[in-house]
file model.tsv (TSV, C-alpha atoms and all ligand atoms)
chain	number	residue	atom	x	y	z
A	287	MET	CA	136.73	152.39	63.75
A	288	PHE	CA	135.08	155.47	65.26
A	289	LEU	CA	132.08	155.88	67.53
A	290	HIS	CA	130.11	159.07	66.97
A	291	CYS	CA	128.94	160.56	70.27
A	292	GLY	CA	127.25	163.82	69.36
A	293	PRO	CA	130.12	166.13	68.30
A	294	PHE	CA	132.78	163.68	69.58
A	295	ARG	CA	134.38	161.16	67.21
A	296	LEU	CA	135.82	158.53	69.51
A	297	ASP	CA	138.85	156.93	67.87
A	298	LEU	CA	138.77	153.23	68.67
A	299	SER	CA	142.18	152.41	67.19
A	300	ARG	CA	143.21	152.10	70.83
A	301	PRO	CA	140.93	150.68	73.54
A	302	LEU	CA	138.94	153.25	75.50
A	303	VAL	CA	138.00	153.35	79.16
A	304	MET	CA	134.48	154.16	80.30
A	305	GLY	CA	134.52	155.17	83.97
A	306	ILE	CA	131.51	154.28	86.11
A	307	VAL	CA	129.95	157.12	88.09
A	308	ASN	CA	127.38	155.76	90.45
A	309	ALA	CA	124.50	158.07	91.32
A	310	THR	CA	122.55	155.60	93.43
A	311	PRO	CA	122.17	156.37	97.16
A	312	ASP	CA	123.94	153.20	98.30
A	313	SER	CA	127.19	154.29	96.68
A	314	PHE	CA	127.98	157.16	99.01
A	315	SER	CA	127.36	157.72	102.69
A	316	ASP	CA	123.84	159.02	102.76
A	317	GLY	CA	124.32	162.71	103.44
A	318	GLY	CA	121.36	163.77	101.33
A	319	GLN	CA	120.79	164.77	97.72
A	320	HIS	CA	123.26	167.68	97.46
A	321	LEU	CA	126.18	165.95	99.14
A	322	ARG	CA	125.54	162.95	96.94
A	323	ARG	CA	125.55	165.09	93.82
A	324	ASP	CA	128.77	166.85	94.86
A	325	ALA	CA	130.45	163.54	95.67
A	326	ALA	CA	129.49	162.12	92.29
A	327	ILE	CA	130.75	165.21	90.45
A	328	THR	CA	134.05	165.10	92.35
A	329	HIS	CA	134.34	161.40	91.58
A	330	ALA	CA	133.65	162.04	87.88
A	331	GLN	CA	136.34	164.73	87.71
A	332	GLN	CA	138.79	162.38	89.40
A	333	LEU	CA	138.05	159.64	86.85
A	334	ILE	CA	138.76	162.08	84.02
A	335	ALA	CA	142.06	163.06	85.66
A	336	GLU	CA	142.85	159.34	85.84
A	337	GLY	CA	142.36	159.01	82.09
A	338	ALA	CA	138.73	157.99	81.53
A	339	ASP	CA	137.65	158.50	77.91
A	340	ILE	CA	133.91	158.39	78.63
A	341	LEU	CA	131.88	158.54	81.85
A	342	ASP	CA	128.79	156.43	82.44
A	343	ILE	CA	126.32	157.94	84.89
A	344	GLY	CA	123.66	155.67	86.31
A	345	GLY	CA	120.86	156.43	88.75
A	346	GLU	CA	119.04	153.13	88.57
A	347	SER	CA	120.74	150.11	90.06
A	348	THR	CA	120.62	147.42	87.40
A	349	ARG	CA	122.31	144.83	89.57
A	350	PRO	CA	120.78	141.37	89.76
A	351	GLY	CA	117.85	141.47	92.18
A	352	ALA	CA	117.64	145.28	92.31
A	353	GLN	CA	114.38	147.12	92.92
A	354	PRO	CA	113.17	149.49	90.18
A	355	VAL	CA	113.16	153.24	90.84
A	356	SER	CA	110.67	155.84	89.58
A	357	VAL	CA	111.35	158.19	86.67
A	358	ARG	CA	111.23	161.13	89.05
A	359	GLU	CA	113.72	159.60	91.47
A	360	GLU	CA	116.09	158.61	88.68
A	361	LEU	CA	115.93	162.12	87.18
A	362	GLU	CA	116.68	163.64	90.58
A	363	ARG	CA	119.74	161.43	90.89
A	364	VAL	CA	121.17	161.79	87.40
A	365	LEU	CA	120.31	165.24	86.03
A	366	PRO	CA	122.15	167.37	88.61
A	367	ILE	CA	125.29	165.34	87.94
A	368	ILE	CA	125.07	165.74	84.16
A	369	GLU	CA	124.34	169.44	84.59
A	370	GLY	CA	127.20	169.80	87.06
A	371	LEU	CA	129.61	168.25	84.55
A	372	ARG	CA	128.63	170.52	81.66
A	373	GLY	CA	131.62	171.43	79.51
A	374	ILE	CA	133.71	168.49	80.69
A	375	SER	CA	136.35	167.16	78.28
A	376	VAL	CA	134.87	163.69	77.68
A	377	PRO	CA	131.45	162.53	76.51
A	378	LEU	CA	128.91	161.55	79.16
A	379	SER	CA	126.81	158.41	78.88
A	380	VAL	CA	123.58	157.93	80.79
A	381	ASP	CA	122.91	154.42	82.09
A	382	THR	CA	119.13	154.07	81.91
A	383	CYS	CA	116.29	152.10	80.34
A	384	LYS	CA	113.73	154.87	80.72
A	385	PRO	CA	112.85	156.99	77.67
A	386	GLU	CA	111.97	160.02	79.83
A	387	VAL	CA	115.35	159.87	81.54
A	388	MET	CA	117.10	159.44	78.17
A	389	ARG	CA	115.41	162.55	76.74
A	390	ALA	CA	116.09	164.70	79.80
A	391	ALA	CA	119.70	163.49	80.04
A	392	ILE	CA	120.30	164.18	76.34
A	393	ALA	CA	118.77	167.65	76.74
A	394	ALA	CA	121.16	168.22	79.67
A	395	GLY	CA	124.17	167.21	77.57
A	396	ALA	CA	124.53	163.39	77.67
A	397	LEU	CA	126.01	162.16	74.37
A	398	MET	CA	125.50	158.42	74.79
A	399	VAL	CA	122.73	156.19	76.12
A	400	ASN	CA	123.73	152.95	77.83
A	401	ASP	CA	120.55	150.88	77.79
A	402	ILE	CA	120.74	147.41	79.34
A	403	ASN	CA	117.39	146.84	77.60
A	404	ALA	CA	118.95	147.47	74.15
A	405	LEU	CA	116.21	149.97	73.10
A	406	GLN	CA	113.52	147.28	73.07
A	407	ASP	CA	111.09	149.93	74.33
A	408	ALA	CA	109.92	151.83	71.21
A	409	ALA	CA	109.94	155.14	73.08
A	410	ALA	CA	113.56	154.54	74.12
A	411	MET	CA	114.46	153.82	70.49
A	412	LYS	CA	112.79	157.07	69.47
A	413	ALA	CA	114.54	159.07	72.21
A	414	VAL	CA	117.96	157.94	70.97
A	415	ALA	CA	117.07	158.32	67.28
A	416	ASP	CA	115.86	161.89	67.90
A	417	GLY	CA	118.86	162.73	70.08
A	418	ASN	CA	121.70	162.16	67.59
A	419	VAL	CA	123.65	160.45	70.39
A	420	ALA	CA	125.52	157.16	70.60
A	421	VAL	CA	123.97	154.06	72.12
A	422	CYS	CA	125.21	150.89	73.77
A	423	LEU	CA	122.92	147.94	73.04
A	424	MET	CA	123.35	145.30	75.74
A	425	HIS	CA	122.19	141.70	75.87
A	426	LYS	CA	120.52	140.25	78.93
A	427	GLN	CA	118.44	137.17	79.53
A	428	GLY	CA	115.39	137.84	81.70
A	429	ASN	CA	115.12	140.91	83.92
A	430	PRO	CA	117.37	142.07	86.77
A	431	GLN	CA	115.00	140.68	89.42
A	432	THR	CA	115.13	137.09	88.22
A	433	MET	CA	117.81	136.74	85.58
A	434	GLN	CA	120.38	134.90	87.69
A	435	GLN	CA	117.92	132.21	88.79
A	436	GLN	CA	118.35	129.80	85.89
A	437	PRO	CA	120.14	131.19	82.85
A	438	HIS	CA	120.02	128.81	79.90
A	439	TYR	CA	121.56	128.84	76.43
A	440	ASP	CA	122.33	126.14	73.88
A	441	ASN	CA	125.13	128.31	72.47
A	442	VAL	CA	125.58	131.50	74.41
A	443	VAL	CA	127.86	133.25	71.90
A	444	ALA	CA	125.58	132.48	68.95
A	445	GLU	CA	122.44	133.47	70.84
A	446	VAL	CA	123.86	136.72	72.19
A	447	GLY	CA	125.20	137.47	68.69
A	448	ALA	CA	121.83	136.84	67.07
A	449	PHE	CA	120.09	139.09	69.59
A	450	LEU	CA	122.59	141.92	69.12
A	451	ARG	CA	122.46	141.57	65.32
A	452	GLY	CA	118.68	142.03	65.54
A	453	ARG	CA	118.99	145.06	67.81
A	454	ILE	CA	121.55	146.69	65.50
A	455	ALA	CA	119.12	146.16	62.60
A	456	ALA	CA	116.22	147.58	64.61
A	457	ALA	CA	118.25	150.63	65.62
A	458	GLU	CA	119.37	151.24	62.04
A	459	ALA	CA	115.77	150.89	60.83
A	460	ALA	CA	114.79	153.56	63.38
A	461	GLY	CA	117.38	155.96	61.94
A	462	ILE	CA	120.31	155.36	64.28
A	463	GLY	CA	123.39	155.08	62.07
A	464	ARG	CA	125.90	152.27	62.67
A	465	GLU	CA	128.54	154.87	63.54
A	466	ARG	CA	126.49	155.65	66.66
A	467	ILE	CA	126.10	152.03	67.84
A	468	ALA	CA	128.13	149.91	70.27
A	469	ILE	CA	127.17	146.44	71.47
A	470	ASP	CA	127.73	144.67	74.76
A	471	PRO	CA	127.30	140.96	75.63
A	472	GLY	CA	126.09	141.91	79.11
A	473	PHE	CA	128.41	139.96	81.36
A	474	GLY	CA	126.50	138.74	84.42
A	475	PHE	CA	123.08	139.60	83.04
A	476	GLY	CA	121.38	136.20	82.99
A	477	LYS	CA	124.61	134.24	82.61
A	478	THR	CA	126.38	131.59	84.64
A	479	LEU	CA	130.13	131.75	85.17
A	480	ALA	CA	130.55	129.26	82.30
A	481	HIS	CA	128.40	131.45	80.01
A	482	ASN	CA	130.43	134.54	80.92
A	483	LEU	CA	133.71	132.74	80.16
A	484	ASP	CA	132.34	131.44	76.84
A	485	LEU	CA	131.37	135.02	75.93
A	486	LEU	CA	134.78	136.37	76.87
A	487	ARG	CA	136.48	133.72	74.70
A	488	GLY	CA	133.96	134.34	71.92
A	489	LEU	CA	134.10	138.15	71.73
A	490	GLU	CA	135.81	137.99	68.31
A	491	GLU	CA	132.67	136.39	66.92
A	492	LEU	CA	130.61	139.35	68.16
A	493	ALA	CA	133.17	141.74	66.65
A	494	GLU	CA	132.11	140.37	63.25
A	495	LEU	CA	128.86	142.30	63.65
A	496	GLY	CA	130.97	145.29	62.62
A	497	VAL	CA	130.27	147.71	65.47
A	498	PRO	CA	132.46	148.34	68.52
A	499	ILE	CA	132.15	146.06	71.54
A	500	LEU	CA	131.83	147.47	75.03
A	501	ALA	CA	132.64	145.04	77.85
A	502	GLY	CA	131.61	145.43	81.49
A	503	LEU	CA	133.35	142.98	83.79
A	504	SER	CA	134.50	145.34	86.53
A	505	ARG	CA	134.09	143.93	90.06
A	506	LYS	CA	131.40	141.50	88.89
A	507	SER	CA	130.46	138.42	90.84
A	508	MET	CA	131.97	136.12	88.20
A	509	LEU	CA	135.34	137.53	89.26
A	510	GLY	CA	134.46	136.86	92.88
A	511	ALA	CA	133.48	133.30	91.97
A	512	ILE	CA	136.91	132.72	90.44
A	513	THR	CA	139.11	134.54	92.96
A	514	GLY	CA	137.10	134.17	96.17
A	515	GLN	CA	137.42	137.94	96.69
A	516	ASP	CA	134.58	140.14	97.90
A	517	VAL	CA	133.46	143.08	95.79
A	518	ASN	CA	135.92	145.51	97.40
A	519	HIS	CA	138.92	143.35	96.51
A	520	ARG	CA	138.33	142.65	92.85
A	521	ALA	CA	140.47	145.38	91.25
A	522	SER	CA	143.24	143.00	90.11
A	523	ALA	CA	140.75	140.50	88.73
A	524	SER	CA	138.87	143.34	87.01
A	525	ILE	CA	142.02	144.64	85.30
A	526	ALA	CA	142.93	141.14	84.14
A	527	ALA	CA	139.40	140.67	82.77
A	528	ALA	CA	139.45	144.07	81.01
A	529	LEU	CA	142.76	143.22	79.31
A	530	ILE	CA	141.45	139.83	78.19
A	531	ALA	CA	138.30	141.47	76.80
A	532	VAL	CA	140.44	143.95	74.83
A	533	GLN	CA	142.69	141.12	73.62
A	534	HIS	CA	139.56	139.40	72.29
A	535	GLY	CA	138.26	142.47	70.50
A	536	ALA	CA	136.54	144.81	72.97
A	537	SER	CA	136.96	148.50	72.03
A	538	ILE	CA	135.63	150.02	75.25
A	539	VAL	CA	135.87	148.68	78.79
A	540	ARG	CA	133.43	149.88	81.44
A	541	VAL	CA	135.31	150.03	84.75
A	542	HIS	CA	135.37	151.33	88.30
A	543	ASP	CA	139.16	151.33	88.66
A	544	VAL	CA	140.09	153.79	85.92
A	545	ARG	CA	143.68	154.61	86.89
A	546	GLU	CA	144.73	150.96	87.12
A	547	THR	CA	142.93	150.01	83.90
A	548	VAL	CA	144.47	152.92	82.00
A	549	ASP	CA	147.96	151.79	83.08
A	550	ALA	CA	147.27	148.19	82.10
A	551	LEU	CA	146.05	149.32	78.69
A	552	LYS	CA	149.19	151.45	78.21
A	553	ILE	CA	151.17	148.21	78.37
A	554	TRP	CA	148.74	146.58	75.93
A	555	ASN	CA	149.05	149.60	73.60
A	556	ALA	CA	152.85	149.54	73.77
A	557	VAL	CA	152.95	145.87	72.80
A	558	ASN	CA	150.39	146.39	70.06
A	559	GLY	CA	152.13	149.40	68.53
A	560	ALA	CA	149.55	152.01	69.50
A	561	ALA	CA	151.09	154.98	71.31
A	601	LIG	C1	125.75	145.18	91.03
A	601	LIG	C2	125.94	144.21	90.05
A	601	LIG	C3	125.79	146.51	90.72
A	601	LIG	C4	126.16	144.59	88.75
A	601	LIG	C5	126.02	146.90	89.43
A	601	LIG	C6	126.19	145.92	88.44
A	601	LIG	C7	126.84	146.75	82.72
A	601	LIG	C8	126.10	147.89	82.50
A	601	LIG	C9	125.91	147.30	84.58
A	601	LIG	C10	127.53	146.14	81.63
A	601	LIG	C11	126.68	147.91	80.27
A	601	LIG	C12	127.85	147.04	87.16
A	601	LIG	C13	126.53	146.30	87.07
A	601	LIG	N1	126.73	146.41	84.02
A	601	LIG	N2	126.02	148.49	81.30
A	601	LIG	N3	125.52	148.22	83.67
A	601	LIG	N4	127.41	146.77	80.43
A	601	LIG	N5	126.60	148.46	79.06
A	601	LIG	O1	128.86	146.33	87.34
A	601	LIG	O2	128.19	145.10	81.73
A	601	LIG	O3	127.88	148.25	87.12
A	601	LIG	S1	125.37	147.27	86.22
call {"tool": "encode", "arguments": {"input": "model.tsv", "output": "structure tokens", "more": "lines below"}}
Ligand code: 7PM
result
Amino acid sequence: MFLHCGPFRLDLSRPLVMGIVNATPDSFSDGGQHLRRDAAITHAQQLIAEGADILDIGGESTRPGAQPVSVREELERVLPIIEGLRGISVPLSVDTCKPEVMRAAIAAGALMVNDINALQDAAAMKAVADGNVAVCLMHKQGNPQTMQQQPHYDNVVAEVGAFLRGRIAAAEAAGIGRERIAIDPGFGFGKTLAHNLDLLRGLEELAELGVPILAGLSRKSMLGAITGQDVNHRASASIAAALIAVQHGASIVRVHDVRETVDALKIWNAVNGAA
């Protein structure tokens, strides 16, 4: 299977690593806009040197309970980083729900849109359709402010699958070819620990939808709930979770700890006969 990201054809015969580049102010010591931009660009270059296949750049914190940011603020965070990475060897993804940010990011060179809202905003759908870029359609229940209050499903795998099937169909109807689409069950987005574990076990069922699965488990609170580790000590748990996701059919893992994940996947590749 291949994922078409603008001119890139990402070969998914081996699992790929999407490195997370955080462009929100809380991620770096607050030395102002320019220092923040430079730190993010340096971080992005380091992740590529560590073996990242894609970089995901996000200026809006989508964490549970996060406050929304304005279009203007998000553009100021994300655009200088995308512009500063022009000509880089891997495709850039922009992590946003906002159509204006999608269009500006695509114009600046982003080749993938990572939308935790799965293009449910018609203008977002149009921005991706017009842009000839890849998209990640993610499931969530509720919105980031309230979604962890009382998640409920009768059958989480079936319900997430039905939602994603509908979003794939909507995207195709809007002119986004299947070769440009990835799906994501949205670990932690309106899910209890039990829901997240059911989804991890049930990834094969989502793979039947016929498009690549992207899995984001890195440093998430479900890993803290299992290990008792705070967010700064979840690398080992994150690598274990990424490997399990790949074992169950994920094609792309979205991670903070690129070097460690790349090494873990080299072992997986060796066992599975991919070089
Ligand atoms: C705090 C809690 C900060 C959670 C950040 C997060 C995903 C994503 C995020 C995911 C896709 C994080 C999350 N998670 N996009 N954006 N899939 N496609 O860990 O699982 O970065 S935000």
call {"tool": "residues_around", "arguments": {"input": "model.tsv", "residues": "Arg453 (chain A)", "least_positions_apart": "6", "cutoff": "12 Å", "atoms": "only C-alpha atoms", "output": "PDB file with C-alpha atoms, in the coordinates of the input"}}
result
ATOM      1  CA  ASP A 401     120.550 150.880  77.790  1.00  0.00           C
ATOM      2  CA  ILE A 402     120.740 147.410  79.340  1.00  0.00           C
ATOM      3  CA  ASN A 403     117.390 146.840  77.600  1.00  0.00           C
ATOM      4  CA  ALA A 404     118.950 147.470  74.150  1.00  0.00           C
ATOM      5  CA  LEU A 405     116.210 149.970  73.100  1.00  0.00           C
ATOM      6  CA  GLN A 406     113.520 147.280  73.070  1.00  0.00           C
ATOM      7  CA  ASP A 407     111.090 149.930  74.330  1.00  0.00           C
ATOM      8  CA  ALA A 408     109.920 151.830  71.210  1.00  0.00           C
ATOM      9  CA  MET A 411     114.460 153.820  70.490  1.00  0.00           C
ATOM     10  CA  VAL A 421     123.970 154.060  72.120  1.00  0.00           C
ATOM     11  CA  CYS A 422     125.210 150.890  73.770  1.00  0.00           C
ATOM     12  CA  LEU A 423     122.920 147.940  73.040  1.00  0.00           C
ATOM     13  CA  MET A 424     123.350 145.300  75.740  1.00  0.00           C
ATOM     14  CA  HIS A 425     122.190 141.700  75.870  1.00  0.00           C
ATOM     15  CA  VAL A 446     123.860 136.720  72.190  1.00  0.00           C
ATOM     16  CA  GLY A 447     125.200 137.470  68.690  1.00  0.00           C
ATOM     17  CA  ALA A 459     115.770 150.890  60.830  1.00  0.00           C
ATOM     18  CA  ALA A 460     114.790 153.560  63.380  1.00  0.00           C
ATOM     19  CA  ILE A 462     120.310 155.360  64.280  1.00  0.00           C
ATOM     20  CA  ARG A 464     125.900 152.270  62.670  1.00  0.00           C
ATOM     21  CA  ILE A 467     126.100 152.030  67.840  1.00  0.00           C
ATOM     22  CA  ALA A 468     128.130 149.910  70.270  1.00  0.00           C
ATOM     23  CA  ILE A 469     127.170 146.440  71.470  1.00  0.00           C
ATOM     24  CA  ASP A 470     127.730 144.670  74.760  1.00  0.00           C
ATOM     25  CA  LEU A 495     128.860 142.300  63.650  1.00  0.00           C
ATOM     26  CA  VAL A 497     130.270 147.710  65.470  1.00  0.00           C
TER      27      VAL A 497
END
call {"tool": "residues_near_ligand", "arguments": {"input": "model.tsv", "ligand": "ligand LIG 601 (chain A)", "cutoff": "10 Å", "atoms": "all atoms listed in the file", "output": "VMD selection string"}}
result
chain A and resid 304 306 to 308 313 342 to 344 346 to 352 379 to 382 399 to 404 421 to 426 430 468 to 475 499 to 507 517 538 to 542
call {"tool": "closest_residue", "arguments": {"input": "model.tsv", "among": "A:Lys477, A:Arg389, A:Arg466, A:Arg487", "to": "Phe294 (chain A)", "atoms": "only C-alpha atoms"}}
result
A:Arg466
call {"tool": "atom_distance", "arguments": {"input": "model.tsv", "atom1": "CA of Ala560 (chain A)", "atom2": "CA of Leu529 (chain A)"}}
result
14.8 Å
call {"tool": "closest_residue", "arguments": {"input": "model.tsv", "among": "A:Ala456, A:Cys383, A:Ala526, A:Val376", "to": "Asn429 (chain A)", "atoms": "all atoms listed in the file"}}
result
A:Cys383
call {"tool": "closest_residue", "arguments": {"input": "model.tsv", "among": "A:Ile367, A:Gln435, A:Ile525, A:Met508", "to": "Ala325 (chain A)", "atoms": "all atoms listed in the file"}}
result
A:Ile367
call {"tool": "closest_residue", "arguments": {"input": "model.tsv", "among": "A:Val364, A:Val419, A:Phe288, A:Gly337", "to": "Thr310 (chain A)", "atoms": "all atoms listed in the file"}}
result
A:Val364
call {"tool": "closest_residue", "arguments": {"input": "model.tsv", "among": "A:Ala511, A:Leu397, A:Leu450, A:Ala523", "to": "Leu479 (chain A)", "atoms": "only C-alpha atoms"}}
result
A:Ala511
call {"tool": "closest_residue", "arguments": {"input": "model.tsv", "among": "A:His481, A:Glu360, A:Pro377, A:Val548", "to": "Gln434 (chain A)", "atoms": "all atoms listed in the file"}}
result
A:His481
call {"tool": "residues_around", "arguments": {"input": "model.tsv", "residues": "Ser299 (chain A)", "least_positions_apart": "5", "cutoff": "12 Å", "atoms": "all atoms listed in the file", "output": "MDAnalysis selection string"}}
result
chainID A and resid 287:289 498 532 535:538 555 558:561
call {"tool": "residues_near_point", "arguments": {"input": "model.tsv", "point": "(145.4, 151.1, 90.4)", "cutoff": "12 Å", "atoms": "only C-alpha atoms", "output": "list in words"}}
result
Leu333, Glu336, Gly337, His519, Arg520, Ala521, Ser522, Ala523, Ser524, Ile525, Val541, His542, Asp543, Val544, Arg545, Glu546, Thr547, Val548, Asp549, Ala550 and Leu551 of chain A
call {"tool": "build_atoms", "arguments": {"input": "model.tsv", "residues": "region 507-516 of chain A", "atoms": "all heavy atoms", "output": "PDB file, keeping the file's coordinate frame"}}
result
ATOM      1  N   SER A 507     130.431 139.605  89.974  1.00  0.00           N
ATOM      2  CA  SER A 507     130.460 138.420  90.840  1.00  0.00           C
ATOM      3  C   SER A 507     131.177 137.248  90.187  1.00  0.00           C
ATOM      4  O   SER A 507     131.737 136.402  90.878  1.00  0.00           O
ATOM      5  CB  SER A 507     129.059 138.040  91.301  1.00  0.00           C
ATOM      6  OG  SER A 507     128.288 137.665  90.191  1.00  0.00           O
ATOM      7  N   MET A 508     131.204 137.193  88.847  1.00  0.00           N
ATOM      8  CA  MET A 508     131.970 136.120  88.200  1.00  0.00           C
ATOM      9  C   MET A 508     133.439 136.168  88.616  1.00  0.00           C
ATOM     10  O   MET A 508     134.088 135.132  88.747  1.00  0.00           O
ATOM     11  CB  MET A 508     131.850 136.188  86.671  1.00  0.00           C
ATOM     12  CG  MET A 508     132.405 137.442  86.057  1.00  0.00           C
ATOM     13  SD  MET A 508     132.368 137.473  84.224  1.00  0.00           S
ATOM     14  CE  MET A 508     133.727 136.414  83.799  1.00  0.00           C
ATOM     15  N   LEU A 509     133.945 137.392  88.846  1.00  0.00           N
ATOM     16  CA  LEU A 509     135.340 137.530  89.260  1.00  0.00           C
ATOM     17  C   LEU A 509     135.511 137.080  90.707  1.00  0.00           C
ATOM     18  O   LEU A 509     136.530 136.490  91.068  1.00  0.00           O
ATOM     19  CB  LEU A 509     135.813 138.980  89.086  1.00  0.00           C
ATOM     20  CG  LEU A 509     135.616 139.574  87.685  1.00  0.00           C
ATOM     21  CD1 LEU A 509     136.114 141.013  87.635  1.00  0.00           C
ATOM     22  CD2 LEU A 509     136.322 138.723  86.634  1.00  0.00           C
ATOM     23  N   GLY A 510     134.467 137.344  91.503  1.00  0.00           N
ATOM     24  CA  GLY A 510     134.460 136.860  92.880  1.00  0.00           C
ATOM     25  C   GLY A 510     134.397 135.341  92.926  1.00  0.00           C
ATOM     26  O   GLY A 510     135.049 134.693  93.758  1.00  0.00           O
ATOM     27  N   ALA A 511     133.622 134.766  92.005  1.00  0.00           N
ATOM     28  CA  ALA A 511     133.480 133.300  91.970  1.00  0.00           C
ATOM     29  C   ALA A 511     134.826 132.640  91.657  1.00  0.00           C
ATOM     30  O   ALA A 511     135.133 131.562  92.155  1.00  0.00           O
ATOM     31  CB  ALA A 511     132.427 132.906  90.935  1.00  0.00           C
ATOM     32  N   ILE A 512     135.624 133.297  90.833  1.00  0.00           N
ATOM     33  CA  ILE A 512     136.910 132.720  90.440  1.00  0.00           C
ATOM     34  C   ILE A 512     137.979 132.952  91.509  1.00  0.00           C
ATOM     35  O   ILE A 512     138.749 132.054  91.841  1.00  0.00           O
ATOM     36  CB  ILE A 512     137.378 133.311  89.086  1.00  0.00           C
ATOM     37  CG1 ILE A 512     136.388 132.925  87.975  1.00  0.00           C
ATOM     38  CG2 ILE A 512     138.789 132.836  88.735  1.00  0.00           C
ATOM     39  CD1 ILE A 512     136.578 133.713  86.683  1.00  0.00           C
ATOM     40  N   THR A 513     138.012 134.180  92.047  1.00  0.00           N
ATOM     41  CA  THR A 513     139.110 134.540  92.960  1.00  0.00           C
ATOM     42  C   THR A 513     138.778 134.319  94.433  1.00  0.00           C
ATOM     43  O   THR A 513     139.682 134.279  95.269  1.00  0.00           O
ATOM     44  CB  THR A 513     139.474 136.041  92.816  1.00  0.00           C
ATOM     45  OG1 THR A 513     138.305 136.816  93.154  1.00  0.00           O
ATOM     46  CG2 THR A 513     139.935 136.362  91.405  1.00  0.00           C
ATOM     47  N   GLY A 514     137.492 134.240  94.763  1.00  0.00           N
ATOM     48  CA  GLY A 514     137.100 134.170  96.170  1.00  0.00           C
ATOM     49  C   GLY A 514     137.124 135.532  96.853  1.00  0.00           C
ATOM     50  O   GLY A 514     136.932 135.616  98.062  1.00  0.00           O
ATOM     51  N   GLN A 515     137.337 136.602  96.090  1.00  0.00           N
ATOM     52  CA  GLN A 515     137.420 137.940  96.690  1.00  0.00           C
ATOM     53  C   GLN A 515     136.054 138.612  96.757  1.00  0.00           C
ATOM     54  O   GLN A 515     135.252 138.481  95.835  1.00  0.00           O
ATOM     55  CB  GLN A 515     138.359 138.837  95.865  1.00  0.00           C
ATOM     56  CG  GLN A 515     139.785 138.323  95.751  1.00  0.00           C
ATOM     57  CD  GLN A 515     140.594 138.484  97.025  1.00  0.00           C
ATOM     58  OE1 GLN A 515     140.101 138.983  98.040  1.00  0.00           O
ATOM     59  NE2 GLN A 515     141.839 138.036  96.971  1.00  0.00           N
ATOM     60  N   ASP A 516     135.820 139.363  97.835  1.00  0.00           N
ATOM     61  CA  ASP A 516     134.580 140.140  97.900  1.00  0.00           C
ATOM     62  C   ASP A 516     134.703 141.353  96.982  1.00  0.00           C
ATOM     63  O   ASP A 516     135.777 141.657  96.469  1.00  0.00           O
ATOM     64  CB  ASP A 516     134.264 140.541  99.348  1.00  0.00           C
ATOM     65  CG  ASP A 516     135.256 141.527  99.892  1.00  0.00           C
ATOM     66  OD1 ASP A 516     135.373 142.638  99.325  1.00  0.00           O
ATOM     67  OD2 ASP A 516     135.944 141.191 100.871  1.00  0.00           O
TER      68      ASP A 516
END
